[in-house]
$ cat final_3.cif   # mmCIF, C-alpha atoms
data_start
#
loop_
_atom_site.label_atom_id
_atom_site.label_comp_id
_atom_site.auth_asym_id
_atom_site.auth_seq_id
_atom_site.Cartn_x
_atom_site.Cartn_y
_atom_site.Cartn_z
CA MET A 1 -21.07 51.86 175.66
CA PHE A 2 -22.71 54.53 173.52
CA LYS A 3 -21.90 58.06 172.41
CA ARG A 4 -23.53 60.79 174.52
CA PHE A 5 -24.17 63.48 171.91
CA ARG A 6 -26.17 65.49 174.45
CA ARG A 7 -23.00 66.41 176.34
CA LEU A 8 -22.38 69.06 173.70
CA ARG A 9 -25.97 70.34 173.83
CA MET A 10 -26.42 70.91 177.56
CA ASN A 11 -24.88 74.41 177.66
CA GLU A 12 -26.17 77.27 175.48
CA ASN A 13 -22.74 78.88 175.05
CA LEU A 14 -21.24 75.58 173.94
CA ARG A 15 -24.08 75.08 171.45
CA LEU A 16 -23.33 78.49 169.99
CA MET A 17 -19.60 77.78 169.83
CA LEU A 18 -20.14 74.53 167.95
CA ARG A 19 -22.67 75.72 165.35
CA GLU A 20 -21.62 74.58 161.90
CA ASN A 21 -23.64 77.17 159.95
CA SER A 22 -24.75 80.73 160.56
CA LEU A 23 -26.55 83.52 158.72
CA LYS A 24 -25.04 86.98 158.36
CA THR A 25 -26.53 90.13 156.87
CA GLN A 26 -23.80 90.15 154.22
CA ASP A 27 -25.12 86.80 152.93
CA LEU A 28 -28.36 88.47 151.78
CA ILE A 29 -29.23 89.98 148.39
CA TYR A 30 -32.41 92.05 148.15
CA PRO A 31 -34.45 92.20 144.90
CA LEU A 32 -35.59 95.63 143.70
CA PHE A 33 -38.06 96.38 140.90
CA VAL A 34 -37.78 99.74 139.18
CA VAL A 35 -40.53 101.36 137.09
CA GLU A 36 -40.79 104.63 135.19
CA GLY A 37 -42.20 107.77 136.78
CA SER A 38 -41.70 109.47 140.14
CA GLY A 39 -43.20 109.01 143.56
CA VAL A 40 -44.28 105.46 142.67
CA LYS A 41 -44.27 102.80 145.39
CA ALA A 42 -46.91 100.26 144.43
CA GLU A 43 -47.29 97.23 146.68
CA ILE A 44 -47.77 93.86 144.98
CA SER A 45 -51.06 92.25 146.00
CA SER A 46 -49.61 88.73 146.12
CA MET A 47 -46.40 89.78 147.92
CA ASN A 48 -47.04 91.82 151.04
CA GLY A 49 -44.16 94.25 151.61
CA VAL A 50 -42.75 94.02 148.07
CA PHE A 51 -43.11 97.05 145.78
CA GLN A 52 -42.61 98.33 142.27
CA MET A 53 -40.79 101.64 142.74
CA SER A 54 -39.78 104.57 140.60
CA LEU A 55 -36.13 105.60 140.66
CA ASP A 56 -36.56 108.29 143.33
CA MET A 57 -38.20 105.76 145.64
CA ILE A 58 -35.57 103.14 144.80
CA LEU A 59 -32.92 105.56 146.05
CA LYS A 60 -34.80 106.02 149.32
CA GLU A 61 -35.03 102.24 149.61
CA CYS A 62 -31.28 101.95 149.08
CA GLU A 63 -30.70 104.38 151.94
CA GLU A 64 -32.72 102.06 154.20
CA LEU A 65 -30.86 98.97 152.96
CA VAL A 66 -27.47 100.54 153.65
CA GLY A 67 -28.67 101.47 157.13
CA LEU A 68 -29.65 97.86 157.77
CA GLY A 69 -26.22 96.63 156.71
CA ILE A 70 -27.42 94.92 153.53
CA LYS A 71 -24.54 94.90 151.07
CA ALA A 72 -26.13 93.83 147.77
CA ILE A 73 -29.23 94.19 145.61
CA ILE A 74 -30.40 92.46 142.45
CA LEU A 75 -32.14 94.87 140.09
CA PHE A 76 -35.07 94.20 137.74
CA GLY A 77 -36.58 96.65 135.26
CA VAL A 78 -40.35 96.76 134.75
CA ILE A 79 -41.49 98.78 131.74
CA GLU A 80 -44.83 99.91 130.36
CA GLU A 81 -46.64 97.60 127.95
CA ALA A 82 -46.50 100.26 125.23
CA LYS A 83 -42.68 100.13 125.25
CA LYS A 84 -42.46 96.37 124.81
CA ASP A 85 -41.75 94.79 121.43
CA SER A 86 -40.77 91.45 119.95
CA CYS A 87 -37.06 91.68 120.80
CA GLY A 88 -37.06 93.75 123.99
CA SER A 89 -35.53 96.88 122.44
CA GLU A 90 -35.77 98.84 125.71
CA ALA A 91 -33.18 96.49 127.22
CA LEU A 92 -30.79 97.33 124.36
CA ASP A 93 -30.91 101.09 124.87
CA GLU A 94 -27.86 102.64 126.57
CA ASN A 95 -30.24 104.98 128.39
CA SER A 96 -32.61 102.19 129.39
CA LEU A 97 -34.46 102.18 132.70
CA ILE A 98 -31.99 99.68 134.16
CA ALA A 99 -28.94 101.62 132.95
CA ARG A 100 -30.25 104.89 134.41
CA THR A 101 -31.05 103.18 137.69
CA ILE A 102 -27.61 101.58 137.98
CA ARG A 103 -25.93 104.92 137.37
CA ALA A 104 -28.11 106.72 139.92
CA ILE A 105 -27.61 104.13 142.66
CA LYS A 106 -23.87 104.02 142.05
CA LYS A 107 -23.71 107.82 142.30
CA ASP A 108 -25.58 108.03 145.62
CA TYR A 109 -24.63 104.69 147.19
CA PRO A 110 -21.29 103.55 145.74
CA GLN A 111 -20.85 101.11 148.62
CA LEU A 112 -23.93 99.11 147.55
CA PHE A 113 -23.12 96.10 145.37
CA ILE A 114 -25.46 96.08 142.36
CA ILE A 115 -26.31 92.87 140.51
CA SER A 116 -28.36 93.23 137.35
CA ASP A 117 -30.76 90.55 136.21
CA LEU A 118 -30.14 90.09 132.49
CA CYS A 119 -33.13 88.78 130.57
CA PHE A 120 -35.78 89.87 128.06
CA CYS A 121 -39.04 88.58 129.53
CA GLU A 122 -39.81 91.95 131.19
CA TYR A 123 -39.19 93.79 127.90
CA THR A 124 -40.85 91.64 125.21
CA ASP A 125 -44.48 91.87 124.17
CA HIS A 126 -44.71 88.06 124.17
CA GLY A 127 -43.19 87.72 127.65
CA HIS A 128 -40.60 85.12 126.69
CA CYS A 129 -36.89 85.39 127.46
CA GLY A 130 -35.57 86.27 124.01
CA ILE A 131 -36.25 86.40 120.29
CA ILE A 132 -38.97 84.03 119.12
CA GLU A 133 -38.27 81.57 116.29
CA PRO A 134 -41.35 81.90 114.02
CA LYS A 135 -41.88 78.22 113.18
CA SER A 136 -41.39 76.66 116.60
CA LYS A 137 -42.77 79.65 118.54
CA SER A 138 -39.98 78.98 121.04
CA VAL A 139 -37.00 81.15 121.91
CA ASP A 140 -34.25 81.22 119.29
CA ASN A 141 -31.25 80.36 121.45
CA ASP A 142 -28.39 81.75 119.35
CA ALA A 143 -30.17 84.91 118.24
CA THR A 144 -30.94 85.60 121.88
CA LEU A 145 -27.27 85.12 122.78
CA GLU A 146 -26.36 87.96 120.41
CA ILE A 147 -28.71 90.50 121.96
CA SER A 148 -27.85 89.26 125.47
CA ALA A 149 -24.24 90.27 124.87
CA LYS A 150 -25.43 93.74 123.84
CA GLN A 151 -27.54 94.04 126.99
CA ALA A 152 -24.60 92.95 129.16
CA LEU A 153 -22.37 95.67 127.73
CA ILE A 154 -25.01 98.30 128.50
CA HIS A 155 -25.13 97.14 132.13
CA ALA A 156 -21.34 97.09 132.30
CA LYS A 157 -21.00 100.63 130.92
CA ALA A 158 -23.59 101.84 133.44
CA GLY A 159 -21.34 100.62 136.25
CA VAL A 160 -23.00 97.42 137.45
CA ASP A 161 -20.94 95.27 139.85
CA MET A 162 -22.13 91.87 138.65
CA ILE A 163 -24.40 90.50 135.91
CA ALA A 164 -26.80 87.61 136.44
CA PRO A 165 -28.21 86.18 133.18
CA SER A 166 -31.50 84.43 133.97
CA GLY A 167 -32.88 83.33 130.60
CA MET A 168 -31.44 79.77 130.62
CA MET A 169 -30.03 80.02 127.11
CA ASP A 170 -27.41 77.41 126.23
CA GLY A 171 -24.00 79.07 125.96
CA ILE A 172 -24.99 82.30 127.69
CA ILE A 173 -22.05 82.39 130.10
CA ALA A 174 -19.43 81.79 127.40
CA THR A 175 -21.09 84.42 125.20
CA LEU A 176 -21.21 87.09 127.90
CA ARG A 177 -17.72 86.33 129.15
CA GLU A 178 -16.26 86.73 125.67
CA ALA A 179 -18.17 89.96 124.99
CA LEU A 180 -17.27 91.51 128.34
CA ASP A 181 -13.60 90.52 128.10
CA LYS A 182 -13.27 91.96 124.59
CA ALA A 183 -14.77 95.25 125.79
CA GLY A 184 -12.33 95.51 128.72
CA TYR A 185 -14.66 94.24 131.45
CA GLU A 186 -12.68 91.11 132.24
CA ASN A 187 -13.00 91.79 135.99
CA LEU A 188 -16.80 92.02 135.93
CA PRO A 189 -18.16 88.80 137.50
CA LEU A 190 -21.05 86.69 136.24
CA MET A 191 -23.53 85.01 138.56
CA SER A 192 -25.23 82.37 136.47
CA TYR A 193 -28.82 81.27 136.99
CA SER A 194 -27.15 77.95 136.29
CA THR A 195 -29.90 75.64 137.53
CA LYS A 196 -33.25 77.37 137.07
CA PHE A 197 -36.36 75.21 137.05
CA ALA A 198 -39.66 75.75 135.25
CA SER A 199 -41.46 76.21 138.55
CA SER A 200 -44.90 77.05 139.89
CA TYR A 201 -43.15 78.90 142.72
CA TYR A 202 -42.62 81.91 140.42
CA GLY A 203 -46.28 82.92 140.28
CA PRO A 204 -46.20 86.14 142.33
CA PHE A 205 -42.98 87.29 140.59
CA ARG A 206 -44.85 87.41 137.29
CA GLU A 207 -47.06 90.09 138.84
CA VAL A 208 -44.26 92.23 140.27
CA ALA A 209 -42.11 91.99 137.13
CA ASN A 210 -45.07 92.08 134.72
CA SER A 211 -43.40 89.24 132.84
CA ALA A 212 -45.92 86.45 132.36
CA PRO A 213 -45.65 84.86 128.89
CA SER A 214 -48.53 85.79 126.60
CA TYR A 215 -48.74 82.20 125.37
CA GLY A 216 -47.34 78.82 126.31
CA ASP A 217 -44.75 78.38 129.04
CA ARG A 218 -40.97 78.37 129.50
CA LYS A 219 -40.44 74.63 129.68
CA SER A 220 -38.41 74.54 126.46
CA TYR A 221 -35.61 76.50 128.14
CA GLN A 222 -36.09 76.34 131.91
CA MET A 223 -35.35 72.99 133.55
CA ASP A 224 -37.78 70.13 134.17
CA PHE A 225 -38.22 69.96 137.95
CA HIS A 226 -38.27 66.15 137.82
CA ASN A 227 -34.55 66.04 136.94
CA GLY A 228 -31.65 66.05 139.37
CA LYS A 229 -28.69 64.83 137.31
CA GLU A 230 -29.47 67.32 134.57
CA ALA A 231 -29.56 70.06 137.20
CA LEU A 232 -26.01 69.21 138.22
CA MET A 233 -24.84 69.11 134.59
CA GLU A 234 -26.33 72.56 133.92
CA SER A 235 -24.37 74.16 136.75
CA LEU A 236 -21.11 72.34 136.01
CA GLU A 237 -21.37 73.40 132.36
CA ASP A 238 -21.73 77.05 133.38
CA GLU A 239 -18.69 76.65 135.62
CA VAL A 240 -16.70 75.41 132.61
CA GLN A 241 -17.93 78.35 130.53
CA GLY A 242 -16.62 80.85 133.08
CA ALA A 243 -19.34 81.55 135.64
CA ASP A 244 -18.01 83.05 138.85
CA ILE A 245 -21.01 82.16 141.02
CA LEU A 246 -23.63 79.45 140.45
CA MET A 247 -27.30 79.65 141.44
CA VAL A 248 -30.22 77.34 142.12
CA LYS A 249 -33.72 78.75 141.64
CA PRO A 250 -36.10 78.10 143.40
CA ALA A 251 -34.50 77.20 146.73
CA LEU A 252 -36.83 75.58 149.24
CA ALA A 253 -38.06 72.59 147.23
CA TYR A 254 -34.62 72.00 145.69
CA LEU A 255 -32.25 71.60 148.63
CA ASP A 256 -31.17 68.21 147.28
CA VAL A 257 -29.98 69.97 144.12
CA VAL A 258 -28.24 72.69 146.14
CA LYS A 259 -26.39 70.05 148.15
CA GLU A 260 -25.39 68.07 145.06
CA ILE A 261 -23.96 71.11 143.30
CA ALA A 262 -22.16 72.26 146.44
CA GLN A 263 -20.48 68.87 146.72
CA ASN A 264 -19.38 68.87 143.08
CA SER A 265 -18.24 72.47 142.53
CA ASN A 266 -15.87 74.76 144.38
CA LEU A 267 -17.59 77.89 143.07
CA PRO A 268 -19.65 79.99 145.48
CA LEU A 269 -23.31 78.99 145.33
CA CYS A 270 -26.34 81.28 145.58
CA VAL A 271 -29.98 80.31 146.05
CA TYR A 272 -33.01 82.38 145.07
CA ASN A 273 -35.68 82.26 147.78
CA VAL A 274 -38.43 82.98 145.27
CA SER A 275 -41.74 84.82 145.31
CA GLY A 276 -43.95 81.77 145.89
CA GLU A 277 -41.92 80.77 148.92
CA TYR A 278 -42.13 84.32 150.26
CA ALA A 279 -45.90 84.49 149.66
CA MET A 280 -46.47 81.21 151.52
CA PHE A 281 -44.57 82.46 154.56
CA GLN A 282 -46.49 85.74 154.51
CA ALA A 283 -49.83 83.91 154.26
CA ALA A 284 -48.93 81.61 157.16
CA LYS A 285 -47.83 84.61 159.21
CA LYS A 286 -51.11 86.40 158.50
CA ALA A 287 -53.07 83.29 159.46
CA GLY A 288 -51.16 83.06 162.73
CA VAL A 289 -50.31 79.40 162.27
CA ILE A 290 -46.50 79.63 162.56
CA ASP A 291 -43.83 81.26 164.69
CA TYR A 292 -42.82 83.41 161.73
CA GLU A 293 -39.36 84.64 162.73
CA LYS A 294 -38.21 81.26 164.03
CA MET A 295 -39.37 79.42 160.91
CA LEU A 296 -37.83 82.07 158.68
CA MET A 297 -34.44 81.72 160.32
CA GLU A 298 -34.66 77.93 160.28
CA THR A 299 -35.33 78.02 156.55
CA MET A 300 -32.41 80.35 155.85
CA ILE A 301 -30.08 78.08 157.81
CA ALA A 302 -31.37 75.14 155.75
CA PHE A 303 -30.17 76.99 152.63
CA LYS A 304 -26.78 77.57 154.23
CA ARG A 305 -26.52 73.99 155.51
CA ALA A 306 -27.24 72.65 152.04
CA GLY A 307 -24.29 74.63 150.68
CA ALA A 308 -25.47 78.13 149.76
CA LYS A 309 -23.12 81.01 150.43
CA LEU A 310 -25.51 83.74 149.24
CA ILE A 311 -29.30 84.06 149.43
CA ILE A 312 -31.46 86.24 147.21
CA THR A 313 -34.56 86.85 149.30
CA TYR A 314 -37.50 89.24 149.67
CA HIS A 315 -37.10 88.66 153.42
CA ALA A 316 -33.70 90.39 153.47
CA LYS A 317 -34.79 93.52 155.34
CA GLU A 318 -36.67 91.68 158.07
CA LEU A 319 -33.83 89.15 158.38
CA ALA A 320 -31.38 92.03 158.84
CA GLU A 321 -33.59 93.34 161.65
CA ILE A 322 -33.76 89.90 163.28
CA LEU A 323 -30.00 89.48 163.08
CA ARG A 324 -29.48 92.93 164.54
CA LYS A 325 -31.69 92.01 167.54
CA GLU A 326 -29.75 88.80 168.06
CA SER A 327 -26.33 90.42 167.97
#
$ encode --input "final_3.cif" --output "structure tokens"
Amino acid sequence: MFKRFRRLRMNENLRLMLRENSLKTQDLIYPLFVVEGSGVKAEISSMNGVFQMSLDMILKECEELVGLGIKAIILFGVIEEAKKDSCGSEALDENSLIARTIRAIKKDYPQLFIISDLCFCEYTDHGHCGIIEPKSKSVDNDATLEISAKQALIHAKAGVDMIAPSGMMDGIIATLREALDKAGYENLPLMSYSTKFASSYYGPFREVANSAPSYGDRKSYQMDFHNGKEALMESLEDEVQGADILMVKPALAYLDVVKEIAQNSNLPLCVYNVSGEYAMFQAAKKAGVIDYEKMLMETMIAFKRAGAKLIITYHAKELAEILRKES
């Protein structure tokens, strides 16, 4: 005698009823990149359909996102080279590009949940994620924690709904939690980039965010992609420090890590479906070698099946359209 698993697969309605995982529009977070100026909507050559946009165009984009049913965005600031300096001073200005953008979106689209990426790589002239220690030429962890707290308070005062520190500094969650609580923002959640690898999958992002390091790499603070146990420790440490949501970045090549964290933490887990993954899908679509929509949905369900609750993805708008057609 053997088990006939196919009994539960013979009828389409029954298959739908028994699905263990599903994708909903409210699971998606859409990245937006704001630049100075007006009327700017510059497409990124390596990321078809992804744009740097000035604030007026960002607001038009938000109108479209709300219409599609997308509930959340993650916001990145991209500033001119002339405004960059060694410590990312633009990010520490209460009237910074990010602060102004948060305020404007909240005014026009209060229902949209705004997550701010908190880092310094887009604002420093050296392109690294904090203050550089002169002798080692690497990021000074504790000095960067101090200015990160200042940046977090600027985002909080502007009205952001959640802060996502991405620089992989040791102690960043505890530092931000203490600073926010002392300032009266104890209810402002933190989504930690808790397991962020030094990855080749970030290539196209460096173009859209204008954040490539001017020398060296980020391997002294981002994680070695060879390591799995360390990846779990990183996320569990951020949970102890007070993170409200954990994240794995990138997503597609790290589903083993996503699964491991999901099995060892009760916190909600987010994955970042990064620029290199997006660019590969777009290239395969252009070449006509895949059934694009079917593969896209299959990949998103793989993220969910591995344990992700939320997905940051450049595909969010097209996924919302697909889900709308299916409903």
$ resolve_selection --input "final_3.cif" --expression "the PyMOL selection byres ((chain A and resi 45) around 12)" --output "number ranges by chain"
A: 42-44, 46-52, 203-208, 275, 279, 282-283
$ resolve_selection --input "final_3.cif" --expression "the PyMOL selection byres ((chain A and resi 225) around 10)" --output "number ranges by chain"
A: 196-200, 219, 222-224, 226-228, 230-231, 253-254
$ residues_around --input "final_3.cif" --residues "Ala149 in chain A" --least-positions-apart "5" --cutoff "8 Å" --atoms "all atoms listed in the file" --output "list in words"
Thr175, Leu176, Ala179 and Leu180 of chain A
$ closest_atom_pairs --input "final_3.cif" --of "range 228-310 of chain A" --to "range 159-174 of chain A" --cutoff "9 Å" --atoms "only C-alpha atoms" --output "Markdown table"
| residue | atom | partner | partner_atom | distance |
| --- | --- | --- | --- | --- |
| A:Glu237 | CA | A:Gly171 | CA | 8.9 |
| A:Asp238 | CA | A:Ile173 | CA | 6.3 |
| A:Glu239 | CA | A:Ile173 | CA | 8.6 |
| A:Val240 | CA | A:Ala174 | CA | 8.7 |
| A:Gln241 | CA | A:Ala174 | CA | 4.9 |
| A:Gly242 | CA | A:Ile173 | CA | 6.4 |
| A:Ala243 | CA | A:Ile173 | CA | 6.2 |
$ resolve_selection --input "final_3.cif" --expression "the PyMOL selection byres ((chain A and resi 151) around 9)" --output "PyMOL selection string"
chain A and resi 91-94+118-119+147-150+152-156
$ residues_around --input "final_3.cif" --residues "range 20-33 of chain A" --least-positions-apart "6" --cutoff "8 Å" --atoms "only C-alpha atoms" --output "CSV table (one decimal) with C-alpha atoms, in the frame of the given file"
chain,number,residue,atom,x,y,z
A,51,PHE,CA,-43.1,97.0,145.8
A,52,GLN,CA,-42.6,98.3,142.3
A,53,MET,CA,-40.8,101.6,142.7
A,58,ILE,CA,-35.6,103.1,144.8
A,69,GLY,CA,-26.2,96.6,156.7
A,70,ILE,CA,-27.4,94.9,153.5
A,71,LYS,CA,-24.5,94.9,151.1
A,72,ALA,CA,-26.1,93.8,147.8
A,73,ILE,CA,-29.2,94.2,145.6
A,74,ILE,CA,-30.4,92.5,142.4
A,75,LEU,CA,-32.1,94.9,140.1
A,76,PHE,CA,-35.1,94.2,137.7
A,77,GLY,CA,-36.6,96.6,135.3
A,78,VAL,CA,-40.4,96.8,134.8
A,208,VAL,CA,-44.3,92.2,140.3
A,209,ALA,CA,-42.1,92.0,137.1
A,300,MET,CA,-32.4,80.4,155.8
A,301,ILE,CA,-30.1,78.1,157.8
A,304,LYS,CA,-26.8,77.6,154.2
A,305,ARG,CA,-26.5,74.0,155.5
A,309,LYS,CA,-23.1,81.0,150.4
A,310,LEU,CA,-25.5,83.7,149.2
A,311,ILE,CA,-29.3,84.1,149.4
A,312,ILE,CA,-31.5,86.2,147.2
A,313,THR,CA,-34.6,86.8,149.3
A,314,TYR,CA,-37.5,89.2,149.7
A,315,HIS,CA,-37.1,88.7,153.4
A,316,ALA,CA,-33.7,90.4,153.5
A,317,LYS,CA,-34.8,93.5,155.3
A,319,LEU,CA,-33.8,89.2,158.4
A,320,ALA,CA,-31.4,92.0,158.8
A,323,LEU,CA,-30.0,89.5,163.1
$ closest_residue --input "final_3.cif" --among "A:Thr124, A:Lys41, A:Lys286, A:Cys270" --to "Val248 in chain A" --atoms "all atoms listed in the file"
A:Cys270
$ closest_residue --input "final_3.cif" --among "A:Glu277, A:Glu298, A:Glu234, A:Asp140" --to "Ser265 in chain A" --atoms "all atoms listed in the file"
A:Glu234
$ closest_residue --input "final_3.cif" --among "A:Gly88, A:Ser235, A:Glu318, A:Pro110" --to "Thr144 in chain A" --atoms "only C-alpha atoms"
A:Gly88
$ atom_distance --input "final_3.cif" --atom1 "CA of Asp256 in chain A" --atom2 "CA of Leu236 in chain A"
15.7 Å
$ atom_distance --input "final_3.cif" --atom1 "CA of Glu260 in chain A" --atom2 "CA of His128 in chain A"
29.3 Å
$ decode --input "final_3.cif" --residues "range 101-110 of chain A" --atoms "all heavy atoms" --output "PDB file, in the first residue's frame"
ATOM      1  N   THR A 101      11.330  64.707   1.368  1.00  0.00           N
ATOM      2  CA  THR A 101      10.530  63.743   0.613  1.00  0.00           C
ATOM      3  C   THR A 101       9.552  63.011   1.520  1.00  0.00           C
ATOM      4  O   THR A 101       8.384  62.810   1.158  1.00  0.00           O
ATOM      5  CB  THR A 101      11.455  62.738  -0.103  1.00  0.00           C
ATOM      6  OG1 THR A 101      12.383  63.455  -0.934  1.00  0.00           O
ATOM      7  CG2 THR A 101      10.656  61.779  -0.962  1.00  0.00           C
ATOM      8  N   ILE A 102      10.006  62.605   2.688  1.00  0.00           N
ATOM      9  CA  ILE A 102       9.109  61.946   3.649  1.00  0.00           C
ATOM     10  C   ILE A 102       7.933  62.860   3.986  1.00  0.00           C
ATOM     11  O   ILE A 102       6.772  62.443   3.961  1.00  0.00           O
ATOM     12  CB  ILE A 102       9.875  61.557   4.931  1.00  0.00           C
ATOM     13  CG1 ILE A 102      10.894  60.453   4.635  1.00  0.00           C
ATOM     14  CG2 ILE A 102       8.905  61.088   6.024  1.00  0.00           C
ATOM     15  CD1 ILE A 102      11.885  60.215   5.768  1.00  0.00           C
ATOM     16  N   ARG A 103       8.234  64.111   4.286  1.00  0.00           N
ATOM     17  CA  ARG A 103       7.174  65.053   4.658  1.00  0.00           C
ATOM     18  C   ARG A 103       6.170  65.232   3.519  1.00  0.00           C
ATOM     19  O   ARG A 103       4.950  65.268   3.739  1.00  0.00           O
ATOM     20  CB  ARG A 103       7.779  66.398   5.068  1.00  0.00           C
ATOM     21  CG  ARG A 103       8.515  66.369   6.400  1.00  0.00           C
ATOM     22  CD  ARG A 103       8.786  67.771   6.917  1.00  0.00           C
ATOM     23  NE  ARG A 103       9.750  68.492   6.112  1.00  0.00           N
ATOM     24  CZ  ARG A 103      11.057  68.567   6.360  1.00  0.00           C
ATOM     25  NH1 ARG A 103      11.567  67.929   7.418  1.00  0.00           N
ATOM     26  NH2 ARG A 103      11.853  69.256   5.580  1.00  0.00           N
ATOM     27  N   ALA A 104       6.668  65.343   2.299  1.00  0.00           N
ATOM     28  CA  ALA A 104       5.794  65.581   1.151  1.00  0.00           C
ATOM     29  C   ALA A 104       4.898  64.369   0.873  1.00  0.00           C
ATOM     30  O   ALA A 104       3.703  64.518   0.589  1.00  0.00           O
ATOM     31  CB  ALA A 104       6.630  65.921  -0.084  1.00  0.00           C
ATOM     32  N   ILE A 105       5.477  63.179   0.936  1.00  0.00           N
ATOM     33  CA  ILE A 105       4.670  61.978   0.690  1.00  0.00           C
ATOM     34  C   ILE A 105       3.619  61.815   1.780  1.00  0.00           C
ATOM     35  O   ILE A 105       2.457  61.499   1.498  1.00  0.00           O
ATOM     36  CB  ILE A 105       5.571  60.724   0.604  1.00  0.00           C
ATOM     37  CG1 ILE A 105       6.509  60.804  -0.613  1.00  0.00           C
ATOM     38  CG2 ILE A 105       4.706  59.456   0.513  1.00  0.00           C
ATOM     39  CD1 ILE A 105       7.537  59.693  -0.670  1.00  0.00           C
ATOM     40  N   LYS A 106       4.027  62.039   3.022  1.00  0.00           N
ATOM     41  CA  LYS A 106       3.080  61.896   4.129  1.00  0.00           C
ATOM     42  C   LYS A 106       1.925  62.901   4.014  1.00  0.00           C
ATOM     43  O   LYS A 106       0.789  62.600   4.370  1.00  0.00           O
ATOM     44  CB  LYS A 106       3.796  62.061   5.468  1.00  0.00           C
ATOM     45  CG  LYS A 106       4.340  60.769   6.042  1.00  0.00           C
ATOM     46  CD  LYS A 106       3.196  59.815   6.314  1.00  0.00           C
ATOM     47  CE  LYS A 106       3.676  58.390   6.400  1.00  0.00           C
ATOM     48  NZ  LYS A 106       2.549  57.437   6.379  1.00  0.00           N
ATOM     49  N   LYS A 107       2.216  64.076   3.498  1.00  0.00           N
ATOM     50  CA  LYS A 107       1.182  65.101   3.334  1.00  0.00           C
ATOM     51  C   LYS A 107       0.160  64.686   2.274  1.00  0.00           C
ATOM     52  O   LYS A 107      -1.049  64.797   2.483  1.00  0.00           O
ATOM     53  CB  LYS A 107       1.828  66.432   2.943  1.00  0.00           C
ATOM     54  CG  LYS A 107       0.838  67.574   2.704  1.00  0.00           C
ATOM     55  CD  LYS A 107       1.595  68.864   2.404  1.00  0.00           C
ATOM     56  CE  LYS A 107       0.644  70.024   2.107  1.00  0.00           C
ATOM     57  NZ  LYS A 107      -0.091  69.835   0.832  1.00  0.00           N
ATOM     58  N   ASP A 108       0.654  64.174   1.135  1.00  0.00           N
ATOM     59  CA  ASP A 108      -0.240  63.852   0.024  1.00  0.00           C
ATOM     60  C   ASP A 108      -0.795  62.432   0.089  1.00  0.00           C
ATOM     61  O   ASP A 108      -1.897  62.172  -0.394  1.00  0.00           O
ATOM     62  CB  ASP A 108       0.497  64.043  -1.304  1.00  0.00           C
ATOM     63  CG  ASP A 108       0.727  65.507  -1.651  1.00  0.00           C
ATOM     64  OD1 ASP A 108       0.335  66.376  -0.833  1.00  0.00           O
ATOM     65  OD2 ASP A 108       1.298  65.786  -2.721  1.00  0.00           O
ATOM     66  N   TYR A 109      -0.030  61.514   0.665  1.00  0.00           N
ATOM     67  CA  TYR A 109      -0.446  60.111   0.699  1.00  0.00           C
ATOM     68  C   TYR A 109      -0.211  59.530   2.096  1.00  0.00           C
ATOM     69  O   TYR A 109       0.640  58.662   2.306  1.00  0.00           O
ATOM     70  CB  TYR A 109       0.314  59.295  -0.361  1.00  0.00           C
ATOM     71  CG  TYR A 109       0.097  59.831  -1.747  1.00  0.00           C
ATOM     72  CD1 TYR A 109       1.049  60.661  -2.355  1.00  0.00           C
ATOM     73  CD2 TYR A 109      -1.083  59.549  -2.449  1.00  0.00           C
ATOM     74  CE1 TYR A 109       0.832  61.184  -3.613  1.00  0.00           C
ATOM     75  CE2 TYR A 109      -1.308  60.073  -3.708  1.00  0.00           C
ATOM     76  CZ  TYR A 109      -0.345  60.891  -4.280  1.00  0.00           C
ATOM     77  OH  TYR A 109      -0.570  61.414  -5.529  1.00  0.00           O
ATOM     78  N   PRO A 110      -0.986  60.000   3.075  1.00  0.00           N
ATOM     79  CA  PRO A 110      -0.773  59.552   4.452  1.00  0.00           C
ATOM     80  C   PRO A 110      -1.000  58.061   4.634  1.00  0.00           C
ATOM     81  O   PRO A 110      -0.492  57.461   5.596  1.00  0.00           O
ATOM     82  CB  PRO A 110      -1.801  60.370   5.248  1.00  0.00           C
ATOM     83  CG  PRO A 110      -2.832  60.787   4.245  1.00  0.00           C
ATOM     84  CD  PRO A 110      -2.101  60.957   2.959  1.00  0.00           C
TER      85      PRO A 110
END
